[in-house]
>>> print(open('start_33.cif').read())   # mmCIF, C-alpha atoms
data_entry
loop_
_atom_site.group_PDB
_atom_site.id
_atom_site.type_symbol
_atom_site.label_atom_id
_atom_site.label_comp_id
_atom_site.auth_asym_id
_atom_site.auth_seq_id
_atom_site.Cartn_x
_atom_site.Cartn_y
_atom_site.Cartn_z
ATOM 1 C CA MET A 1 254.069 350.006 249.997
ATOM 2 C CA ASN A 2 256.750 347.528 251.144
ATOM 3 C CA ASP A 3 257.889 344.436 249.246
ATOM 4 C CA ASN A 4 255.857 342.016 251.343
ATOM 5 C CA ALA A 5 252.649 343.906 250.622
ATOM 6 C CA ARG A 6 253.427 343.998 246.892
ATOM 7 C CA GLN A 7 254.008 340.236 246.887
ATOM 8 C CA ARG A 8 250.691 339.606 248.658
ATOM 9 C CA PHE A 9 248.792 341.764 246.173
ATOM 10 C CA ALA A 10 250.558 340.009 243.294
ATOM 11 C CA ARG A 11 249.469 336.606 244.639
ATOM 12 C CA LEU A 12 245.896 337.838 245.060
ATOM 13 C CA GLU A 13 245.826 339.044 241.445
ATOM 14 C CA ARG A 14 246.781 335.565 240.258
ATOM 15 C CA GLU A 15 243.959 333.898 242.241
ATOM 16 C CA PRO A 16 240.931 333.023 240.090
ATOM 17 C CA LEU A 17 237.685 334.811 240.912
ATOM 18 C CA THR A 18 234.780 332.630 242.035
ATOM 19 C CA SER A 19 231.226 333.924 241.975
ATOM 20 C CA VAL A 20 229.642 333.734 245.411
ATOM 21 C CA ALA A 21 226.226 333.323 243.803
ATOM 22 C CA SER A 22 227.162 329.999 242.217
ATOM 23 C CA ALA A 23 225.788 326.987 244.037
ATOM 24 C CA ALA A 24 228.171 324.402 245.409
ATOM 25 C CA PRO A 25 227.457 320.804 244.380
ATOM 26 C CA PHE A 26 224.876 319.064 246.559
ATOM 27 C CA TRP A 27 227.225 316.372 247.874
ATOM 28 C CA ALA A 28 229.930 318.951 248.539
ATOM 29 C CA SER A 29 227.472 320.828 250.757
ATOM 30 C CA ILE A 30 226.680 317.624 252.644
ATOM 31 C CA ARG A 31 230.381 316.912 253.172
ATOM 32 C CA ALA A 32 230.869 320.470 254.436
ATOM 33 C CA VAL A 33 228.083 320.027 256.990
ATOM 34 C CA ILE A 34 229.544 316.703 258.126
ATOM 35 C CA ALA A 35 232.976 318.287 258.456
ATOM 36 C CA HIS A 36 231.443 320.912 260.762
ATOM 37 C CA ARG A 37 229.395 318.415 262.794
ATOM 38 C CA GLN A 38 231.049 319.506 266.050
ATOM 39 C CA LEU A 39 229.896 323.066 265.455
ATOM 40 C CA LEU A 40 226.448 321.728 264.643
ATOM 41 C CA GLY A 41 226.395 319.937 267.987
ATOM 42 C CA LEU A 42 227.483 323.101 269.799
ATOM 43 C CA LEU A 43 224.720 325.112 268.136
ATOM 44 C CA VAL A 44 222.121 322.509 269.117
ATOM 45 C CA ARG A 45 223.250 322.616 272.754
ATOM 46 C CA ARG A 46 223.309 326.421 272.649
ATOM 47 C CA ASP A 47 219.732 326.552 271.367
ATOM 48 C CA ILE A 48 218.540 324.179 274.084
ATOM 49 C CA LYS A 49 220.265 326.125 276.876
ATOM 50 C CA ALA A 50 219.244 329.549 275.541
ATOM 51 C CA ARG A 51 215.587 328.613 275.235
ATOM 52 C CA TYR A 52 215.019 328.588 278.996
ATOM 53 C CA LYS A 53 217.972 330.698 280.085
ATOM 54 C CA ASP A 54 217.477 332.532 283.422
ATOM 55 C CA SER A 55 214.180 330.717 284.058
ATOM 56 C CA VAL A 56 213.693 329.052 287.441
ATOM 57 C CA LEU A 57 212.302 325.787 286.111
ATOM 58 C CA GLY A 58 214.623 325.584 283.089
ATOM 59 C CA LEU A 59 214.182 322.438 281.025
ATOM 60 C CA LEU A 60 211.153 321.440 283.093
ATOM 61 C CA TRP A 61 209.175 323.727 280.791
ATOM 62 C CA THR A 62 209.587 321.081 278.095
ATOM 63 C CA LEU A 63 207.391 318.911 280.326
ATOM 64 C CA ILE A 64 205.012 321.595 281.549
ATOM 65 C CA ASN A 65 204.108 322.971 278.113
ATOM 66 C CA PRO A 66 202.828 319.710 276.557
ATOM 67 C CA ILE A 67 200.997 318.688 279.724
ATOM 68 C CA VAL A 68 199.152 322.021 279.937
ATOM 69 C CA GLN A 69 198.408 321.871 276.198
ATOM 70 C CA LEU A 70 197.008 318.356 276.603
ATOM 71 C CA ILE A 71 194.749 319.423 279.470
ATOM 72 C CA VAL A 72 193.436 322.467 277.596
ATOM 73 C CA TYR A 73 192.640 320.563 274.404
ATOM 74 C CA TYR A 74 191.176 317.616 276.291
ATOM 75 C CA VAL A 75 188.857 319.810 278.375
ATOM 76 C CA VAL A 76 187.865 322.319 275.673
ATOM 77 C CA MET A 77 187.701 320.065 272.605
ATOM 78 C CA GLY A 78 187.001 316.748 274.286
ATOM 79 C CA GLN A 79 184.561 317.689 277.017
ATOM 80 C CA PHE A 80 183.020 321.070 276.193
ATOM 81 C CA LEU A 81 182.714 320.491 272.428
ATOM 82 C CA GLY A 82 182.066 316.759 272.744
ATOM 83 C CA ALA A 83 184.857 315.440 270.530
ATOM 84 C CA ALA A 84 185.745 312.823 273.144
ATOM 85 C CA ARG A 85 182.348 311.136 272.725
ATOM 86 C CA GLY A 86 183.204 310.041 269.189
ATOM 87 C CA ILE A 87 186.829 309.027 269.822
ATOM 88 C CA PRO A 88 187.761 306.447 272.474
ATOM 89 C CA ASP A 89 190.804 307.250 274.630
ATOM 90 C CA PHE A 90 190.567 310.804 273.353
ATOM 91 C CA ALA A 91 193.363 312.081 275.609
ATOM 92 C CA ILE A 92 195.890 309.694 274.036
ATOM 93 C CA TYR A 93 194.531 310.350 270.561
ATOM 94 C CA ILE A 94 194.922 314.115 270.787
ATOM 95 C CA PHE A 95 198.253 314.058 272.620
ATOM 96 C CA SER A 96 199.870 311.685 270.122
ATOM 97 C CA GLY A 97 198.844 313.969 267.264
ATOM 98 C CA LEU A 98 199.988 317.076 269.120
ATOM 99 C CA THR A 99 203.383 315.509 269.876
ATOM 100 C CA ILE A 100 204.331 314.887 266.261
ATOM 101 C CA TYR A 101 202.799 318.179 265.095
ATOM 102 C CA ALA A 102 204.747 320.110 267.749
ATOM 103 C CA LEU A 103 207.993 318.729 266.329
ATOM 104 C CA PHE A 104 207.105 319.952 262.842
ATOM 105 C CA SER A 105 205.900 323.339 264.080
ATOM 106 C CA GLU A 106 208.893 324.027 266.328
ATOM 107 C CA ALA A 107 211.437 322.861 263.759
ATOM 108 C CA LEU A 108 209.911 324.927 260.956
ATOM 109 C CA THR A 109 209.481 328.050 263.082
ATOM 110 C CA GLY A 110 213.073 327.871 264.321
ATOM 111 C CA SER A 111 214.520 327.063 260.910
ATOM 112 C CA THR A 112 212.767 329.983 259.226
ATOM 113 C CA GLY A 113 214.407 332.548 261.490
ATOM 114 C CA SER A 114 217.701 330.712 262.003
ATOM 115 C CA ILE A 115 219.853 332.631 259.501
ATOM 116 C CA VAL A 116 218.627 336.019 260.714
ATOM 117 C CA ALA A 117 219.056 334.963 264.357
ATOM 118 C CA ASN A 118 222.684 334.016 263.658
ATOM 119 C CA ALA A 119 223.472 337.105 261.590
ATOM 120 C CA GLY A 120 226.619 337.806 263.603
ATOM 121 C CA LEU A 121 228.172 334.454 262.707
ATOM 122 C CA VAL A 122 226.997 334.584 259.107
ATOM 123 C CA LYS A 123 228.655 337.980 258.542
ATOM 124 C CA LYS A 124 231.934 337.234 260.294
ATOM 125 C CA VAL A 125 232.782 333.535 259.952
ATOM 126 C CA TYR A 126 232.463 331.166 257.030
ATOM 127 C CA VAL A 127 230.627 327.955 257.900
ATOM 128 C CA PRO A 128 228.138 325.973 255.825
ATOM 129 C CA ARG A 129 225.019 328.079 256.319
ATOM 130 C CA GLU A 130 222.847 324.949 256.246
ATOM 131 C CA ILE A 131 224.115 324.291 259.770
ATOM 132 C CA PHE A 132 221.862 326.979 261.232
ATOM 133 C CA PRO A 133 218.458 325.584 260.170
ATOM 134 C CA LEU A 134 219.735 322.071 260.900
ATOM 135 C CA SER A 135 220.683 323.085 264.449
ATOM 136 C CA THR A 136 217.124 324.227 265.160
ATOM 137 C CA LEU A 137 215.876 320.884 263.886
ATOM 138 C CA GLY A 138 218.267 319.175 266.309
ATOM 139 C CA SER A 139 217.047 321.187 269.306
ATOM 140 C CA SER A 140 213.441 320.502 268.261
ATOM 141 C CA LEU A 141 214.187 316.775 268.290
ATOM 142 C CA PHE A 142 215.405 317.128 271.883
ATOM 143 C CA THR A 143 212.111 318.726 272.923
ATOM 144 C CA PHE A 144 210.245 316.067 270.967
ATOM 145 C CA THR A 145 212.073 313.310 272.863
ATOM 146 C CA VAL A 146 210.946 314.768 276.190
ATOM 147 C CA GLN A 147 207.345 315.098 274.984
ATOM 148 C CA LEU A 148 207.460 311.561 273.623
ATOM 149 C CA GLY A 149 208.384 310.356 277.103
ATOM 150 C CA VAL A 150 205.355 312.211 278.485
ATOM 151 C CA LEU A 151 203.148 310.549 275.854
ATOM 152 C CA ILE A 152 204.402 307.064 276.708
ATOM 153 C CA VAL A 153 203.890 307.653 280.446
ATOM 154 C CA ALA A 154 200.386 309.007 279.759
ATOM 155 C CA CYS A 155 199.511 305.886 277.749
ATOM 156 C CA ILE A 156 200.648 303.643 280.613
ATOM 157 C CA VAL A 157 198.874 305.682 283.311
ATOM 158 C CA LEU A 158 195.617 305.691 281.318
ATOM 159 C CA GLY A 159 195.791 301.917 280.933
ATOM 160 C CA ALA A 160 196.520 301.825 277.196
ATOM 161 C CA PRO A 161 200.250 301.083 276.807
ATOM 162 C CA PRO A 162 201.422 301.214 273.172
ATOM 163 C CA LEU A 163 202.280 297.527 272.859
ATOM 164 C CA SER A 164 200.798 296.724 269.468
ATOM 165 C CA ILE A 165 202.162 296.052 265.988
ATOM 166 C CA GLY A 166 201.243 299.644 265.187
ATOM 167 C CA LEU A 167 204.502 300.767 266.808
ATOM 168 C CA VAL A 168 206.221 300.059 263.489
ATOM 169 C CA TYR A 169 204.674 303.317 262.230
ATOM 170 C CA PHE A 170 206.612 305.388 264.766
ATOM 171 C CA LEU A 171 209.878 305.692 262.836
ATOM 172 C CA PRO A 172 208.254 306.317 259.412
ATOM 173 C CA SER A 173 206.143 309.107 260.951
ATOM 174 C CA LEU A 174 209.202 310.670 262.545
ATOM 175 C CA ALA A 175 211.185 310.340 259.314
ATOM 176 C CA LEU A 176 208.430 312.105 257.365
ATOM 177 C CA ILE A 177 208.413 315.074 259.717
ATOM 178 C CA VAL A 178 212.216 315.352 259.803
ATOM 179 C CA VAL A 179 212.553 315.218 256.007
ATOM 180 C CA TYR A 180 209.820 317.750 255.278
ATOM 181 C CA ALA A 181 210.872 320.075 258.102
ATOM 182 C CA MET A 182 214.404 319.990 256.672
ATOM 183 C CA ALA A 183 213.285 320.616 253.092
ATOM 184 C CA ILE A 184 210.845 323.425 253.879
ATOM 185 C CA GLY A 185 213.090 324.862 256.598
ATOM 186 C CA LEU A 186 216.043 325.259 254.230
ATOM 187 C CA LEU A 187 213.863 327.051 251.699
ATOM 188 C CA LEU A 188 212.114 329.372 254.163
ATOM 189 C CA SER A 189 215.283 330.227 256.087
ATOM 190 C CA ALA A 190 216.870 331.519 252.875
ATOM 191 C CA LEU A 191 213.763 333.415 251.756
ATOM 192 C CA ASN A 192 213.392 335.000 255.196
ATOM 193 C CA VAL A 193 216.758 336.732 254.793
ATOM 194 C CA TYR A 194 215.409 338.685 251.814
ATOM 195 C CA LEU A 195 211.799 339.024 252.963
ATOM 196 C CA ARG A 196 211.271 339.060 256.747
ATOM 197 C CA ASP A 197 207.509 338.630 256.344
ATOM 198 C CA VAL A 198 208.192 334.944 255.650
ATOM 199 C CA GLN A 199 208.545 334.169 259.366
ATOM 200 C CA TYR A 200 205.122 335.688 260.113
ATOM 201 C CA LEU A 201 203.531 333.931 257.156
ATOM 202 C CA THR A 202 205.018 330.652 258.413
ATOM 203 C CA ALA A 203 203.299 331.089 261.781
ATOM 204 C CA VAL A 204 199.929 331.579 260.053
ATOM 205 C CA LEU A 205 200.423 328.574 257.775
ATOM 206 C CA LEU A 206 201.416 326.368 260.718
ATOM 207 C CA MET A 207 198.219 327.322 262.529
ATOM 208 C CA LEU A 208 196.205 326.365 259.447
ATOM 209 C CA ALA A 209 198.214 323.151 259.100
ATOM 210 C CA MET A 210 197.329 322.102 262.620
ATOM 211 C CA TRP A 211 193.588 322.501 262.179
ATOM 212 C CA SER A 212 193.679 320.903 258.743
ATOM 213 C CA SER A 213 195.318 317.762 260.185
ATOM 214 C CA PRO A 214 193.359 315.038 262.036
ATOM 215 C CA ILE A 215 194.673 315.961 265.484
ATOM 216 C CA VAL A 216 191.533 316.982 267.354
ATOM 217 C CA TYR A 217 189.156 315.094 265.043
ATOM 218 C CA GLY A 218 189.265 311.736 263.282
ATOM 219 C CA TRP A 219 190.213 311.021 259.695
ATOM 220 C CA THR A 220 186.904 309.161 259.334
ATOM 221 C CA MET A 221 185.078 312.407 260.165
ATOM 222 C CA VAL A 222 186.785 314.086 257.219
ATOM 223 C CA ASN A 223 185.793 311.154 255.006
ATOM 224 C CA THR A 224 182.169 311.513 256.140
ATOM 225 C CA VAL A 225 182.122 315.267 255.463
ATOM 226 C CA PHE A 226 183.488 314.749 251.962
ATOM 227 C CA ASP A 227 180.724 312.221 251.270
ATOM 228 C CA GLN A 228 177.989 314.475 252.665
ATOM 229 C CA PHE A 229 178.952 317.446 250.520
ATOM 230 C CA GLY A 230 179.681 315.378 247.432
ATOM 231 C CA LEU A 231 183.259 316.538 247.172
ATOM 232 C CA PRO A 232 185.449 314.737 244.608
ATOM 233 C CA ALA A 233 187.366 311.689 245.790
ATOM 234 C CA TRP A 234 190.675 313.057 244.493
ATOM 235 C CA LEU A 235 190.371 315.990 246.912
ATOM 236 C CA LEU A 236 190.167 313.555 249.822
ATOM 237 C CA GLU A 237 193.261 311.810 248.464
ATOM 238 C CA VAL A 238 195.133 315.113 248.377
ATOM 239 C CA TYR A 239 194.169 315.749 251.992
ATOM 240 C CA THR A 240 195.053 312.236 253.114
ATOM 241 C CA ASN A 241 198.416 312.161 251.338
ATOM 242 C CA SER A 242 199.615 315.375 252.939
ATOM 243 C CA PRO A 243 202.865 314.441 254.736
ATOM 244 C CA LEU A 244 201.664 316.046 257.975
ATOM 245 C CA THR A 245 198.373 314.142 257.825
ATOM 246 C CA LEU A 246 200.219 310.874 257.161
ATOM 247 C CA ALA A 247 202.628 311.524 260.029
ATOM 248 C CA VAL A 248 199.763 312.256 262.439
ATOM 249 C CA LEU A 249 197.913 309.126 261.310
ATOM 250 C CA GLY A 250 201.098 307.091 261.719
ATOM 251 C CA PHE A 251 201.564 308.391 265.254
ATOM 252 C CA HIS A 252 197.958 307.532 266.045
ATOM 253 C CA ARG A 253 198.552 304.037 264.701
ATOM 254 C CA ALA A 254 201.636 303.709 266.908
ATOM 255 C CA PHE A 255 200.285 305.024 270.228
ATOM 256 C CA TRP A 256 196.474 305.072 270.038
ATOM 257 C CA VAL A 257 195.682 301.397 270.566
ATOM 258 C CA ALA A 258 191.919 302.004 270.757
ATOM 259 C CA GLY A 259 191.780 302.619 267.009
ATOM 260 C CA SER A 260 190.866 300.067 264.356
ATOM 261 C CA ALA A 261 191.790 299.583 260.710
ATOM 262 C CA ALA A 262 188.676 301.557 259.713
ATOM 263 C CA ASP A 263 190.143 304.688 261.324
ATOM 264 C CA TYR A 264 192.938 304.873 258.765
ATOM 265 C CA PRO A 265 193.140 305.048 254.965
ATOM 266 C CA THR A 266 194.102 301.949 253.045
ATOM 267 C CA ASP A 267 197.790 301.342 252.262
ATOM 268 C CA LEU A 268 198.958 303.782 254.951
ATOM 269 C CA ALA A 269 202.498 302.369 254.923
ATOM 270 C CA LEU A 270 202.749 302.653 251.123
ATOM 271 C CA ARG A 271 201.466 306.231 251.215
ATOM 272 C CA MET A 272 204.068 307.133 253.834
ATOM 273 C CA GLY A 273 206.839 305.505 251.816
ATOM 274 C CA ILE A 274 205.943 307.471 248.678
ATOM 275 C CA ALA A 275 205.674 310.704 250.668
ATOM 276 C CA PHE A 276 209.121 310.056 252.158
ATOM 277 C CA LEU A 277 210.691 309.625 248.707
ATOM 278 C CA VAL A 278 209.029 312.850 247.542
ATOM 279 C CA GLY A 279 210.402 314.517 250.667
ATOM 280 C CA LEU A 280 213.951 313.467 249.805
ATOM 281 C CA VAL A 281 213.556 315.109 246.410
ATOM 282 C CA LEU A 282 212.280 318.256 248.120
ATOM 283 C CA VAL A 283 215.332 318.263 250.411
ATOM 284 C CA TRP A 284 217.519 318.362 247.303
ATOM 285 C CA VAL A 285 215.398 321.154 245.791
ATOM 286 C CA GLY A 286 215.413 323.139 249.034
ATOM 287 C CA GLN A 287 219.170 322.833 249.397
ATOM 288 C CA ARG A 288 219.737 323.899 245.787
ATOM 289 C CA VAL A 289 217.618 327.030 246.285
ATOM 290 C CA PHE A 290 219.346 327.700 249.610
ATOM 291 C CA SER A 291 222.759 327.342 248.001
ATOM 292 C CA ARG A 292 221.814 329.764 245.222
ATOM 293 C CA LEU A 293 220.523 332.396 247.639
ATOM 294 C CA GLN A 294 223.193 332.185 250.334
ATOM 295 C CA GLY A 295 225.765 334.160 248.355
ATOM 296 C CA ASN A 296 224.227 337.490 249.404
ATOM 297 C CA PHE A 297 223.240 336.579 252.979
ATOM 298 C CA ALA A 298 225.941 338.733 254.567
ATOM 299 C CA GLN A 299 225.025 341.777 252.485
ATOM 300 C CA GLU A 300 221.306 341.409 253.189
ATOM 301 C CA LEU A 301 221.895 340.982 256.929
#
>>> encode(input="start_33.cif", output="C-alpha cells")
Amino acid sequence: MNDNARQRFARLEREPLTSVASAAPFWASIRAVIAHRQLLGLLVRRDIKARYKDSVLGLLWTLINPIVQLIVYYVVMGQFLGAARGIPDFAIYIFSGLTIYALFSEALTGSTGSIVANAGLVKKVYVPREIFPLSTLGSSLFTFTVQLGVLIVACIVLGAPPLSIGLVYFLPSLALIVVYAMAIGLLLSALNVYLRDVQYLTAVLLMLAMWSSPIVYGWTMVNTVFDQFGLPAWLLEVYTNSPLTLAVLGFHRAFWVAGSAADYPTDLALRMGIAFLVGLVLVWVGQRVFSRLQGNFAQEL
C-alpha cells in the first residue's frame, strides 16, 4: 500500500459514521428537492416522452383516451343504465368527475412504482429519493392539463360553458388531489420497495375509490340511499368528507353549471379547506415514513 492510499484510509477513519436509516429533517429534505429541481424537471419530461415512445400518434393519446372513456361511460351508464335521466348535462357531469379522478389515479399509480422503476438511479447515484414520486405527479399534471382542455371544449360545444361563480372551486379541488396524491404516493412508493404487492393493491383500491365517489351518480343519490336504509348520519359525513369525494364535488361545482345548491353538501368550501389542512399534515407524515425507509432502498432493489 503506497503513502497516498494510507493517507486516504486515515482520513476515512477520522470521518464520523452516520446511520443511513436516520431520517433527515423535513425542511432539509424539501431544500434537497428544490436544489435538484432541474433533475426533477428532466424526469418529468422523460416520463412524458417515454409514455408514448415509438407510438404513431404520440401525445395525441392524451386526447384520445379521455374522449373514448367519456363516450363509453356516457353510452353505457348514461343511456343504457339510465343515469342520464336523473342528471342534466350528464356528459359534462361525468367527464368533469373523471378528469379530476384520472389525475389522482395516474399520479398514485405512477408514484407507487416510481422507486422500483428507477432502481438503476437509486442504486448508483445519490439524489433525494422523493424526486421520483414527485416526477410522476408532475407528468400526471401534464396529462391532466390536456384533459382539462378537452373538458372545457366539451362544455362549450354542448352549450354549457363554465362561466359561473362555481369556478372558484377549481383550484381547491386541484390542490386537494395534489396534496393527497403526494402524501399517499410518498408512503406507497417506499412500501412498494419492500413489498411489491403494494402496487397491485393500489390498483384495486383505486378502482374501489372511483366507484365510491360521485362520478357516475349524484351525491344526492347517496344521501337518499342512506335515508332509505336508515344508515347513521355520521357515516354519510365520513363519505362526504373523503378528499376524493370533495374534489369531485368541487370539480362538478366548477364545470357542471346545470347543478344547483341542493346537489352539494352544505359548507363545501369549509369542508375542502379542512381536508386540505389534514392533507398537509399527511404529507409531513408520508415524508417522515419515506425518509425512515429510504436508507435500505438500494439493498432491497
>>> resolve_selection(input="start_33.cif", expression="the PyMOL selection byres ((chain A and resi 182) around 8)", output="PyMOL selection string")
chain A and resi 108+133-134+137+178-181+183-186+283
>>> write_last_selection(input="start_33.cif", atoms="C-alpha atoms", output="JSON list (two decimals), in the coordinates of the input")
[["chain", "number", "residue", "atom", "x", "y", "z"],
["A", 108, "LEU", "CA", 209.91, 324.93, 260.96],
["A", 133, "PRO", "CA", 218.46, 325.58, 260.17],
["A", 134, "LEU", "CA", 219.74, 322.07, 260.90],
["A", 137, "LEU", "CA", 215.88, 320.88, 263.89],
["A", 178, "VAL", "CA", 212.22, 315.35, 259.80],
["A", 179, "VAL", "CA", 212.55, 315.22, 256.01],
["A", 180, "TYR", "CA", 209.82, 317.75, 255.28],
["A", 181, "ALA", "CA", 210.87, 320.08, 258.10],
["A", 183, "ALA", "CA", 213.28, 320.62, 253.09],
["A", 184, "ILE", "CA", 210.84, 323.42, 253.88],
["A", 185, "GLY", "CA", 213.09, 324.86, 256.60],
["A", 186, "LEU", "CA", 216.04, 325.26, 254.23],
["A", 283, "VAL", "CA", 215.33, 318.26, 250.41]]
>>> residues_around(input="start_33.cif", residues="Leu174 in chain A", least_positions_apart="6", cutoff="10 Å", atoms="all atoms listed in the file", output="MDAnalysis selection string")
chainID A and resid 100 103:104 141 247:248 250:251
>>> write_last_selection(input="start_33.cif", atoms="C-alpha atoms", output="compact mmCIF listing (two decimals), in the coordinates of the input")
# COMPACT_ATOMS: atom_id res chain seq x y z
CA ILE A 100 204.33 314.89 266.26
CA LEU A 103 207.99 318.73 266.33
CA PHE A 104 207.10 319.95 262.84
CA LEU A 141 214.19 316.77 268.29
CA ALA A 247 202.63 311.52 260.03
CA VAL A 248 199.76 312.26 262.44
CA GLY A 250 201.10 307.09 261.72
CA PHE A 251 201.56 308.39 265.25
>>> closest_residue(input="start_33.cif", among="A:Val76, A:Ala154, A:Val289, A:Leu191", to="Ser96 in chain A", atoms="only C-alpha atoms")
A:Ala154
>>> atom_distance(input="start_33.cif", atom1="CA of Asn223 in chain A", atom2="CA of Leu236 in chain A")
7.2 Å
>>> closest_residue(input="start_33.cif", among="A:Leu176, A:Val257, A:Ala275, A:Ile156", to="Val238 in chain A", atoms="only C-alpha atoms")
A:Ala275
>>> closest_residue(input="start_33.cif", among="A:Leu208, A:His36, A:Ala254, A:Pro88", to="Tyr126 in chain A", atoms="only C-alpha atoms")
A:His36
>>> axis_aligned_box(input="start_33.cif", around="range 285-291 of chain A", padding_each_side="5 Å", output="AutoDock Vina command-line options")
--center_x 219.1 --center_y 324.4 --center_z 247.7 --size_x 17.4 --size_y 16.5 --size_z 13.8
>>> closest_atom_pairs(input="start_33.cif", of="range 187-227 of chain A", to="range 295-301 of chain A", cutoff="9 Å", atoms="only C-alpha atoms", output="Markdown table")
| residue | atom | partner | partner_atom | distance |
| --- | --- | --- | --- | --- |
| A:Ala190 | CA | A:Phe297 | CA | 8.1 |
| A:Val193 | CA | A:Glu300 | CA | 6.7 |
| A:Tyr194 | CA | A:Glu300 | CA | 6.6 |
>>> closest_residue(input="start_33.cif", among="A:Ile92, A:Leu201, A:Leu98, A:Ala107", to="Thr136 in chain A", atoms="all atoms listed in the file")
A:Ala107
>>> atom_distance(input="start_33.cif", atom1="CA of Ala269 in chain A", atom2="CA of Thr109 in chain A")
27.8 Å
>>> closest_residue(input="start_33.cif", among="A:Ala175, A:Ile152, A:Val168, A:Ala160", to="Phe90 in chain A", atoms="all atoms listed in the file")
A:Ala160
